[in-house]
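Listing of work14.tsv, TSV, C-alpha atoms (C1' of nucleotides)
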chain	number	residue	atom	x	y	z
Z	1	MET	CA	65.98	-8.04	23.85
Z	2	SER	CA	66.40	-7.89	20.14
Z	3	ARG	CA	68.22	-4.55	20.38
Z	4	ASN	CA	71.66	-4.40	21.85
Z	5	GLU	CA	73.17	-1.56	23.83
Z	6	PHE	CA	76.13	-0.99	21.58
Z	7	SER	CA	76.85	1.39	18.75
Z	8	CYS	CA	76.13	-0.93	15.87
Z	9	ASP	CA	73.07	0.03	13.82
Z	10	CYS	CA	71.18	-3.26	13.69
Z	11	ASN	CA	69.48	-5.99	15.65
Z	12	ILE	CA	71.26	-9.08	16.75
Z	13	ILE	CA	70.19	-11.79	14.38
Z	14	HIS	CA	71.89	-14.74	16.00
Z	15	GLN	CA	72.50	-13.84	19.62
Z	16	GLU	CA	74.04	-17.19	20.53
Z	17	ALA	CA	76.50	-17.16	17.67
Z	18	VAL	CA	77.49	-13.59	18.51
Z	19	ASP	CA	78.02	-14.42	22.19
Z	20	GLU	CA	79.99	-17.55	21.41
Z	21	VAL	CA	82.31	-15.74	19.03
Z	22	LEU	CA	82.67	-12.81	21.43
Z	23	GLN	CA	83.84	-15.21	24.12
Z	24	LYS	CA	86.57	-16.61	21.90
Z	25	MET	CA	87.73	-13.23	20.61
Z	26	PRO	CA	91.12	-12.11	21.96
Z	27	ILE	CA	91.23	-8.67	23.53
Z	28	ASP	CA	91.70	-5.57	21.40
Z	29	ASP	CA	95.36	-5.28	22.28
Z	30	LYS	CA	96.08	-8.63	20.65
Z	31	PHE	CA	94.35	-7.62	17.44
Z	32	ASN	CA	96.19	-4.34	17.49
Z	33	LYS	CA	99.52	-6.12	17.60
Z	34	LEU	CA	98.48	-8.81	15.15
Z	35	ALA	CA	97.23	-6.32	12.58
Z	36	GLY	CA	100.33	-4.23	13.26
Z	37	LEU	CA	102.58	-7.14	12.41
Z	38	PHE	CA	100.82	-7.81	9.13
Z	39	LYS	CA	100.69	-4.13	8.27
Z	40	LEU	CA	104.44	-4.09	8.76
Z	41	ILE	CA	105.03	-6.73	6.11
Z	42	GLY	CA	102.13	-5.50	4.00
Z	43	ASP	CA	104.27	-3.10	2.04
Z	44	GLN	CA	106.22	-3.89	-1.11
Z	45	THR	CA	109.36	-2.08	-0.04
Z	46	ARG	CA	109.50	-3.70	3.38
Z	47	CYS	CA	108.61	-7.08	1.87
Z	48	LYS	CA	111.58	-6.83	-0.46
Z	49	ILE	CA	113.92	-5.66	2.27
Z	50	LEU	CA	112.94	-8.57	4.49
Z	51	PHE	CA	113.24	-11.03	1.64
Z	52	ALA	CA	116.71	-9.72	0.84
Z	53	LEU	CA	117.83	-9.83	4.45
Z	54	ASP	CA	116.62	-13.40	4.68
Z	55	GLN	CA	119.18	-14.26	2.00
Z	56	LYS	CA	122.09	-12.27	3.33
Z	57	GLU	CA	123.17	-9.68	5.86
Z	58	MET	CA	123.30	-6.40	3.95
Z	59	CYS	CA	124.22	-2.77	4.43
Z	60	VAL	CA	121.92	0.11	3.50
Z	61	CYS	CA	123.65	0.76	0.18
Z	62	ASP	CA	123.36	-2.86	-0.82
Z	63	LEU	CA	119.65	-2.78	-0.10
Z	64	ALA	CA	119.29	0.50	-1.97
Z	65	ASN	CA	120.88	-1.17	-4.99
Z	66	VAL	CA	118.84	-4.34	-4.72
Z	67	LEU	CA	115.59	-2.39	-4.46
Z	68	ASN	CA	116.74	0.37	-6.77
Z	69	MET	CA	115.72	3.06	-4.33
Z	70	THR	CA	117.38	5.90	-2.43
Z	71	LYS	CA	119.32	5.34	0.79
Z	72	SER	CA	116.94	7.68	2.56
Z	73	SER	CA	113.78	5.80	1.80
Z	74	ILE	CA	115.43	2.49	2.63
Z	75	SER	CA	116.72	3.93	5.87
Z	76	HIS	CA	113.27	5.19	6.83
Z	77	GLN	CA	111.78	1.73	6.32
Z	78	LEU	CA	114.65	0.06	8.14
Z	79	ALA	CA	113.93	2.32	11.10
Z	80	VAL	CA	110.34	1.09	11.10
Z	81	LEU	CA	111.46	-2.54	10.98
Z	82	ARG	CA	114.09	-1.92	13.65
Z	83	LYS	CA	111.64	-0.34	16.07
Z	84	SER	CA	109.35	-3.32	15.75
Z	85	GLY	CA	112.16	-5.78	16.45
Z	86	ILE	CA	111.99	-7.52	13.09
Z	87	VAL	CA	115.49	-6.57	11.99
Z	88	ARG	CA	118.69	-5.96	13.91
Z	89	CYS	CA	121.64	-3.81	12.93
Z	90	ARG	CA	125.33	-3.76	13.62
Z	91	LYS	CA	127.70	-0.95	12.79
Z	92	ASN	CA	131.06	-1.59	11.18
Z	93	GLY	CA	133.08	1.48	10.24
Z	94	LYS	CA	130.98	3.69	8.01
Z	95	GLU	CA	128.54	0.93	7.19
Z	96	VAL	CA	125.52	-0.39	9.04
Z	97	TYR	CA	124.66	-4.02	8.46
Z	98	TYR	CA	121.15	-5.33	8.87
Z	99	THR	CA	119.92	-8.85	9.50
Z	100	LEU	CA	116.57	-10.53	10.00
Z	101	ASP	CA	115.78	-10.98	13.69
Z	102	ASP	CA	112.63	-13.09	13.58
Z	103	ASP	CA	112.04	-16.65	12.43
Z	104	HIS	CA	108.30	-16.10	12.15
Z	105	ILE	CA	108.69	-13.69	9.25
Z	106	VAL	CA	110.17	-16.36	7.01
Z	107	LYS	CA	107.31	-18.72	7.85
Z	108	LEU	CA	104.77	-16.01	7.10
Z	109	PHE	CA	106.43	-15.43	3.73
Z	110	GLU	CA	106.34	-19.11	2.88
Z	111	ILE	CA	102.65	-19.42	3.62
Z	112	GLY	CA	101.98	-16.14	1.86
Z	113	LEU	CA	103.73	-17.38	-1.26
Z	114	GLU	CA	101.81	-20.66	-1.07
Z	115	HIS	CA	98.66	-18.59	-1.08
Z	116	ILE	CA	99.80	-16.53	-4.07
Z	117	ASN	CA	100.74	-19.62	-6.06
Z	118	HIS	CA	97.51	-21.35	-5.17
Z	119	LYS	CA	95.16	-18.46	-5.90
Z	120	GLY	CA	95.72	-15.56	-8.33
N	121	MET	CA	132.39	-0.02	-12.22
N	122	SER	CA	131.65	1.04	-8.72
N	123	ARG	CA	128.74	3.18	-9.88
N	124	ASN	CA	125.59	1.53	-11.06
N	125	GLU	CA	123.18	2.72	-13.73
N	126	PHE	CA	120.10	2.78	-11.59
N	127	SER	CA	118.29	5.44	-9.62
N	128	CYS	CA	119.73	4.63	-6.21
N	129	ASP	CA	121.96	7.35	-4.83
N	130	CYS	CA	125.00	5.36	-3.75
N	131	ASN	CA	127.81	3.05	-4.82
N	132	ILE	CA	127.52	-0.68	-4.70
N	133	ILE	CA	129.45	-1.81	-1.67
N	134	HIS	CA	129.16	-5.54	-2.13
N	135	GLN	CA	128.52	-6.24	-5.79
N	136	GLU	CA	128.50	-10.02	-5.39
N	137	ALA	CA	126.02	-10.02	-2.55
N	138	VAL	CA	123.76	-7.63	-4.45
N	139	ASP	CA	123.87	-9.77	-7.59
N	140	GLU	CA	123.25	-12.96	-5.67
N	141	VAL	CA	120.24	-11.56	-3.87
N	142	LEU	CA	118.91	-10.00	-7.06
N	143	GLN	CA	118.99	-13.40	-8.73
N	144	LYS	CA	116.92	-14.95	-5.98
N	145	MET	CA	114.39	-12.10	-5.79
N	146	PRO	CA	110.96	-12.94	-7.18
N	147	ILE	CA	109.59	-10.56	-9.77
N	148	ASP	CA	107.77	-7.39	-8.76
N	149	ASP	CA	104.37	-8.90	-9.43
N	150	LYS	CA	104.94	-11.53	-6.75
N	151	PHE	CA	105.90	-8.92	-4.18
N	152	ASN	CA	102.89	-6.89	-5.17
N	153	LYS	CA	100.58	-9.79	-4.44
N	154	LEU	CA	102.45	-10.86	-1.33
N	155	ALA	CA	102.40	-7.38	0.19
N	156	GLY	CA	98.78	-7.09	-0.92
N	157	LEU	CA	97.84	-10.20	1.01
N	158	PHE	CA	99.49	-8.99	4.19
N	159	LYS	CA	98.04	-5.52	3.79
N	160	LEU	CA	94.64	-7.16	3.59
N	161	ILE	CA	94.98	-8.77	7.00
N	162	GLY	CA	96.99	-5.85	8.33
N	163	ASP	CA	93.94	-4.01	9.57
N	164	GLN	CA	92.25	-4.46	12.93
N	165	THR	CA	88.73	-4.52	11.56
N	166	ARG	CA	89.48	-7.09	8.87
N	167	CYS	CA	91.56	-9.11	11.33
N	168	LYS	CA	88.58	-9.35	13.67
N	169	ILE	CA	86.18	-10.19	10.86
N	170	LEU	CA	88.40	-13.02	9.67
N	171	PHE	CA	88.90	-14.30	13.18
N	172	ALA	CA	85.13	-14.31	13.76
N	173	LEU	CA	84.42	-16.05	10.46
N	174	ASP	CA	86.99	-18.68	11.34
N	175	GLN	CA	84.79	-19.57	14.33
N	176	LYS	CA	81.41	-19.47	12.60
N	177	GLU	CA	79.58	-18.52	9.47
N	178	MET	CA	78.03	-15.12	10.17
N	179	CYS	CA	75.76	-12.53	8.59
N	180	VAL	CA	76.66	-8.86	8.36
N	181	CYS	CA	74.57	-7.91	11.39
N	182	ASP	CA	76.23	-10.56	13.51
N	183	LEU	CA	79.62	-9.25	12.53
N	184	ALA	CA	78.50	-5.68	13.20
N	185	ASN	CA	77.50	-6.78	16.70
N	186	VAL	CA	80.66	-8.73	17.35
N	187	LEU	CA	82.86	-5.84	16.25
N	188	ASN	CA	80.52	-3.18	17.61
N	189	MET	CA	80.56	-1.26	14.35
N	190	THR	CA	78.05	-0.13	11.74
N	191	LYS	CA	76.74	-2.44	9.02
N	192	SER	CA	78.11	-0.06	6.43
N	193	SER	CA	81.70	-0.15	7.52
N	194	ILE	CA	81.56	-3.93	7.96
N	195	SER	CA	80.03	-4.29	4.52
N	196	HIS	CA	82.75	-2.15	2.96
N	197	GLN	CA	85.44	-4.33	4.49
N	198	LEU	CA	83.63	-7.51	3.50
N	199	ALA	CA	83.60	-6.26	-0.07
N	200	VAL	CA	87.37	-5.88	0.08
N	201	LEU	CA	87.79	-9.39	1.46
N	202	ARG	CA	85.34	-10.79	-1.08
N	203	LYS	CA	87.12	-9.25	-4.03
N	204	SER	CA	90.38	-10.80	-2.92
N	205	GLY	CA	88.84	-14.24	-2.56
N	206	ILE	CA	89.46	-14.55	1.16
N	207	VAL	CA	85.79	-14.79	2.11
N	208	ARG	CA	82.76	-16.16	0.33
N	209	CYS	CA	79.12	-15.20	0.74
N	210	ARG	CA	75.77	-16.87	0.35
N	211	LYS	CA	72.41	-15.14	0.39
N	212	ASN	CA	69.49	-16.49	2.36
N	213	GLY	CA	66.38	-14.35	2.45
N	214	LYS	CA	67.25	-10.89	3.63
N	215	GLU	CA	70.52	-12.02	5.12
N	216	VAL	CA	73.94	-12.55	3.59
N	217	TYR	CA	76.14	-15.12	5.26
N	218	TYR	CA	79.91	-14.97	5.06
N	219	THR	CA	82.49	-17.71	5.52
N	220	LEU	CA	86.26	-17.95	5.38
N	221	ASP	CA	87.42	-19.23	2.01
N	222	ASP	CA	91.14	-19.72	2.57
N	223	ASP	CA	93.06	-22.15	4.78
N	224	HIS	CA	96.20	-20.06	4.59
N	225	ILE	CA	94.69	-17.22	6.56
N	226	VAL	CA	94.27	-19.36	9.66
N	227	LYS	CA	97.88	-20.49	9.44
N	228	LEU	CA	99.05	-16.91	9.07
N	229	PHE	CA	97.06	-15.97	12.17
N	230	GLU	CA	98.57	-18.81	14.18
N	231	ILE	CA	102.12	-17.82	13.32
N	232	GLY	CA	101.29	-14.17	13.85
N	233	LEU	CA	99.98	-14.91	17.32
N	234	GLU	CA	103.06	-17.00	18.08
N	235	HIS	CA	105.09	-13.95	17.18
N	236	ILE	CA	103.01	-11.68	19.42
N	237	ASN	CA	103.24	-14.03	22.36
N	238	HIS	CA	106.97	-14.50	21.88
N	239	LYS	CA	107.89	-10.86	21.42
N	240	GLY	CA	106.04	-7.82	22.87
W	241	DC	C1'	142.56	19.42	7.78
W	242	DA	C1'	139.43	19.28	3.92
W	243	DC	C1'	136.72	16.01	1.27
W	244	DT	C1'	133.98	12.14	0.27
W	245	DT	C1'	130.83	8.57	1.41
W	246	DA	C1'	127.38	5.79	4.56
W	247	DG	C1'	123.63	6.52	7.00
W	248	DT	C1'	120.03	8.99	9.75
W	249	DT	C1'	116.47	12.30	10.53
W	250	DG	C1'	112.61	15.86	10.32
W	251	DA	C1'	109.53	18.36	7.51
W	252	DA	C1'	106.79	18.48	3.45
W	253	DT	C1'	104.20	16.46	-0.15
W	254	DA	C1'	101.33	13.18	-2.37
W	255	DA	C1'	98.87	8.96	-2.33
W	256	DA	C1'	96.25	5.37	-0.10
W	257	DT	C1'	92.87	4.02	3.09
W	258	DG	C1'	89.01	3.48	6.75
W	259	DT	C1'	84.81	5.33	8.46
W	260	DT	C1'	80.70	8.07	8.09
W	261	DC	C1'	76.63	9.55	5.86
W	262	DA	C1'	72.86	9.30	2.80
W	263	DA	C1'	70.61	7.04	-0.75
W	264	DC	C1'	69.53	2.91	-2.66
W	265	DT	C1'	67.84	-2.36	-3.50
W	266	DA	C1'	65.68	-6.44	-1.96
W	267	DT	C1'	63.24	-9.24	1.11
W	268	DT	C1'	59.95	-10.01	4.88
W	269	DA	C1'	55.99	-8.82	7.82
W	270	DT	C1'	51.61	-6.26	8.99
O	271	DA	C1'	50.31	-1.65	-0.40
O	272	DT	C1'	53.11	0.05	3.44
O	273	DA	C1'	56.50	-0.29	6.69
O	274	DA	C1'	60.59	-2.23	8.51
O	275	DT	C1'	64.97	-4.58	8.21
O	276	DA	C1'	69.45	-6.56	5.90
O	277	DG	C1'	72.72	-5.24	3.11
O	278	DT	C1'	75.25	-2.57	-0.55
O	279	DT	C1'	77.28	1.43	-2.58
O	280	DG	C1'	79.39	6.07	-3.82
O	281	DA	C1'	81.01	10.39	-2.26
O	282	DA	C1'	83.12	13.00	1.34
O	283	DC	C1'	86.13	13.43	5.05
O	284	DA	C1'	89.93	12.59	8.06
O	285	DT	C1'	93.86	9.90	8.99
O	286	DT	C1'	97.71	7.28	7.95
O	287	DT	C1'	101.68	6.50	5.44
O	288	DA	C1'	105.56	6.18	1.80
O	289	DT	C1'	108.77	8.90	-0.64
O	290	DT	C1'	111.39	13.07	-1.49
O	291	DC	C1'	114.34	16.70	-0.18
O	292	DA	C1'	117.68	19.00	2.50
O	293	DA	C1'	120.43	19.17	6.41
O	294	DC	C1'	122.93	16.71	9.43
O	295	DT	C1'	126.44	13.11	11.94
O	296	DA	C1'	130.13	9.97	11.75
O	297	DA	C1'	133.76	7.44	9.73
O	298	DG	C1'	137.35	6.84	6.28
O	299	DT	C1'	140.73	8.96	2.67
O	300	DG	C1'	144.14	11.97	0.29

Output the file's structure as C-alpha cells, nothing else.
Amino acid sequence: MSRNEFSCDCNIIHQEAVDEVLQKMPIDDKFNKLAGLFKLIGDQTRCKILFALDQKEMCVCDLANVLNMTKSSISHQLAVLRKSGIVRCRKNGKEVYYTLDDDHIVKLFEIGLEHINHKG
Amino acid sequence: MSRNEFSCDCNIIHQEAVDEVLQKMPIDDKFNKLAGLFKLIGDQTRCKILFALDQKEMCVCDLANVLNMTKSSISHQLAVLRKSGIVRCRKNGKEVYYTLDDDHIVKLFEIGLEHINHKG
DNA sequence: CACTTAGTTGAATAAATGTTCAACTATTAT
DNA sequence: ATAATAGTTGAACATTTATTCAACTAAGTG
C-alpha cells in the first residue's frame, strides 16, 4: 500500500507521520477562514488603515489624507474590512467614522512587528 | 489651509488627528514587510503546510499527501516560504525535509484561530 | 433651490498570484 | 548502465484583486 488513492503524484514516504498530522489538521473551513483573515491584513493599504484606526477613530477623508490616497480606494477597502467585521462605522452628518472592532488585530500586528524587527 | 498638497481628493477634516496619526505611523518599508508577512500566511495551501510542519518535520511527498496536492505545487509554495525564512530545509538522500523556522508563526496561528472561534 | 462636499458603488483596467505542465537534476535500486 | 523516484524550476494559464474612473446618494451651506 505504498500508493495512495488521492490526487497527489507520489508515494507516501512516511505513512505514520502523514496519518498523525492528518488527524490533527482542522477541517478545510477553518483553514479557509484563517487564511482569509491573514489575507485581509496582508495588504499594505488595509494594514495602514487598521493601524491608523487603532490610534484614533477616523472618517474616510482623514484616512485618505493619512494614506495619501483617494476616497474611493479607501472606501473600497473599508467595505472589505466592514464586511469581515474587523471595523465598524458610525454615521454623523455627512461624515462616516470608522473604528477598529477586533482586539485580535492589534495582537497580530504586535507579533508581526516583533517578527519584522527580529528577522529582516 | 483646508486643502492639502497631496494626491488625495478631499479636504482634511480633522487636521490634528491626521497629524497625530501620521507621526505614529511606521515608515512604508515596515508596512511593506508587515503586509508581506501576513500575505505569506494568507493562503490556504501555505497555511496548511505551516500547520503540518508545526506538528512534524516532513518531506515534500508527505506534505503532498497531507494536502492532497501535487509535488510541484507544494514545492513552489515551499520555495516561497523558504525565501522568506519561515521554513528551513535539510536534504537527506533523495528526500528534502522541511521544518518551521519561526516561533512567531505559531503565535499568529493561535491568535488567528481565537479570532475565528470568537467571530464567524 | 442650487451648489458643494463626504462617501459609496459598479465596471473596467492592470497587476499579482496559484496551479498545471513539461523538462530537468540528483539520488537510489535492479 | 538503466530505470524509477524525490524534488525543483520556468513558462503558461486562469483567477483573484487593488486602483481608477464616472456616476450616484445624502447631508450641509449660501

**Q.** Contacts of N:Asn152 within 9 Å, all atoms listed in the file, excl. fewer than 5 positions in-chain, as a ChimeraX atom specification
**A.** /Z:43-44 /N:147,157

Q: For chain W, list the residues within 10 Å of chain N, counting only C-alpha atoms (C1' of nucleotides), and write the list as a list in words.
A: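 Residues satisfying the distance criterion: DT245, DA246, DG258, DT259, DT260, DC261, DA266, DT267 and DT268 of chain W.
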
Considering only C-alpha atoms, give me a table of residues in chain N that are at most 8 Å from chain Z, with the closest atom pair and distance in Å for each, as a tab-separated table.
residue	atom	partner	partner_atom	distance
N:Phe126	CA	Z:Asn68	CA	6.4
N:Ser127	CA	Z:Asn68	CA	6.0
N:Cys128	CA	Z:Thr70	CA	4.6
N:Asp129	CA	Z:Thr70	CA	5.4
N:Cys130	CA	Z:Cys61	CA	6.2
N:Asn131	CA	Z:Cys61	CA	6.9
N:Ile132	CA	Z:Asp62	CA	6.1
N:Ile133	CA	Z:Asp62	CA	6.2
N:His134	CA	Z:Asp62	CA	6.5
N:Gln135	CA	Z:Asp62	CA	7.9
N:Ala137	CA	Z:Lys56	CA	7.4
N:Val138	CA	Z:Val66	CA	5.9
N:Asp139	CA	Z:Val66	CA	7.9
N:Val141	CA	Z:Ala52	CA	6.2
N:Leu142	CA	Z:Val66	CA	6.1
N:Met145	CA	Z:Ala52	CA	7.4
N:Lys150	CA	Z:Ile116	CA	7.7
N:Phe151	CA	Z:Gln44	CA	5.9
N:Asn152	CA	Z:Gln44	CA	6.0
N:Lys153	CA	Z:Ile116	CA	6.8
N:Leu154	CA	Z:Gly112	CA	6.2
N:Ala155	CA	Z:Gly42	CA	4.3
N:Gly156	CA	Z:Gly42	CA	6.2
N:Leu157	CA	Z:Gly42	CA	7.0
N:Phe158	CA	Z:Gly42	CA	4.4
N:Lys159	CA	Z:Gly42	CA	4.1
N:Leu160	CA	Z:Gly42	CA	7.7
N:Ile161	CA	Z:Phe38	CA	6.3
N:Gly162	CA	Z:Lys39	CA	4.1
N:Asp163	CA	Z:Ala35	CA	5.0
N:Gln164	CA	Z:Ala35	CA	5.3
N:Cys167	CA	Z:Ala35	CA	6.4
N:Lys168	CA	Z:Phe31	CA	7.1
N:Phe171	CA	Z:Met25	CA	7.6
N:Ala172	CA	Z:Val21	CA	6.1
N:Gln175	CA	Z:Val21	CA	6.6
N:Lys176	CA	Z:Ala17	CA	7.4
N:Met178	CA	Z:Ala17	CA	7.9
N:Cys181	CA	Z:Cys10	CA	6.2
N:Asp182	CA	Z:Val18	CA	6.0
N:Leu183	CA	Z:Val18	CA	7.7
N:Ala184	CA	Z:Cys8	CA	5.9
N:Asn185	CA	Z:Cys8	CA	6.1
N:Val186	CA	Z:Val18	CA	5.9
N:Asn188	CA	Z:Cys8	CA	5.2
N:Met189	CA	Z:Cys8	CA	4.7
N:Thr190	CA	Z:Cys8	CA	4.6
N:Lys191	CA	Z:Asp9	CA	6.5
N:His224	CA	Z:His115	CA	6.4
N:Lys227	CA	Z:Ile111	CA	7.6
N:Leu228	CA	Z:Leu108	CA	6.1
N:Phe229	CA	Z:Leu34	CA	7.9
N:Ile231	CA	Z:His104	CA	6.5
N:Gly232	CA	Z:Leu34	CA	6.2
N:Leu233	CA	Z:Leu34	CA	6.6
N:Glu234	CA	Z:His104	CA	8.0
N:His235	CA	Z:His104	CA	6.3
N:Ile236	CA	Z:Lys33	CA	6.8

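For the atom pair formed by atom CA of N:Arg202 and atom C1' of W:DC264, the distance is 21.0 Å, given to one decimal.
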
Q: Rounded to one decimal place, report the atom CA of N:Val200-atom C1' of W:DT265 distance in Å.
A: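 According to the coordinates, atom CA of N:Val200 and atom C1' of W:DT265 are separated by 20.2 Å.
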
Q) What are the residues of chain O that have an atom within 8 Å of an atom of chain N, counting all atoms listed in the file, as an NGL selection string? A) :O and (276-278)

Box for stretch 70-86 of chain Z - axis-aligned, 5 Å on each of the six sides, all listed atoms - centre and size in Å to one decimal, as AutoDock Vina command-line options.
--center_x 114.3 --center_y 0.1 --center_z 7.0 --size_x 20.0 --size_y 25.2 --size_z 28.9

(Q) For a test of reading the model, state the distance in Å between atom C1' of O:DT275 and atom C1' of W:DA269, rounded to one decimal. (A)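 Going from atom C1' of O:DT275 over to atom C1' of W:DA269 covers 9.9 Å.
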
Q: Identify, on the basis of only C-alpha atoms (C1' of nucleotides), every residue whose closest approach to W:DG250 does not exceed 12 Å; exclude the query and any residue fewer than 6 positions from it along the same chain; express the result as a PyMOL selection string.
A: (chain Z and resi 76) or (chain O and resi 291-294)
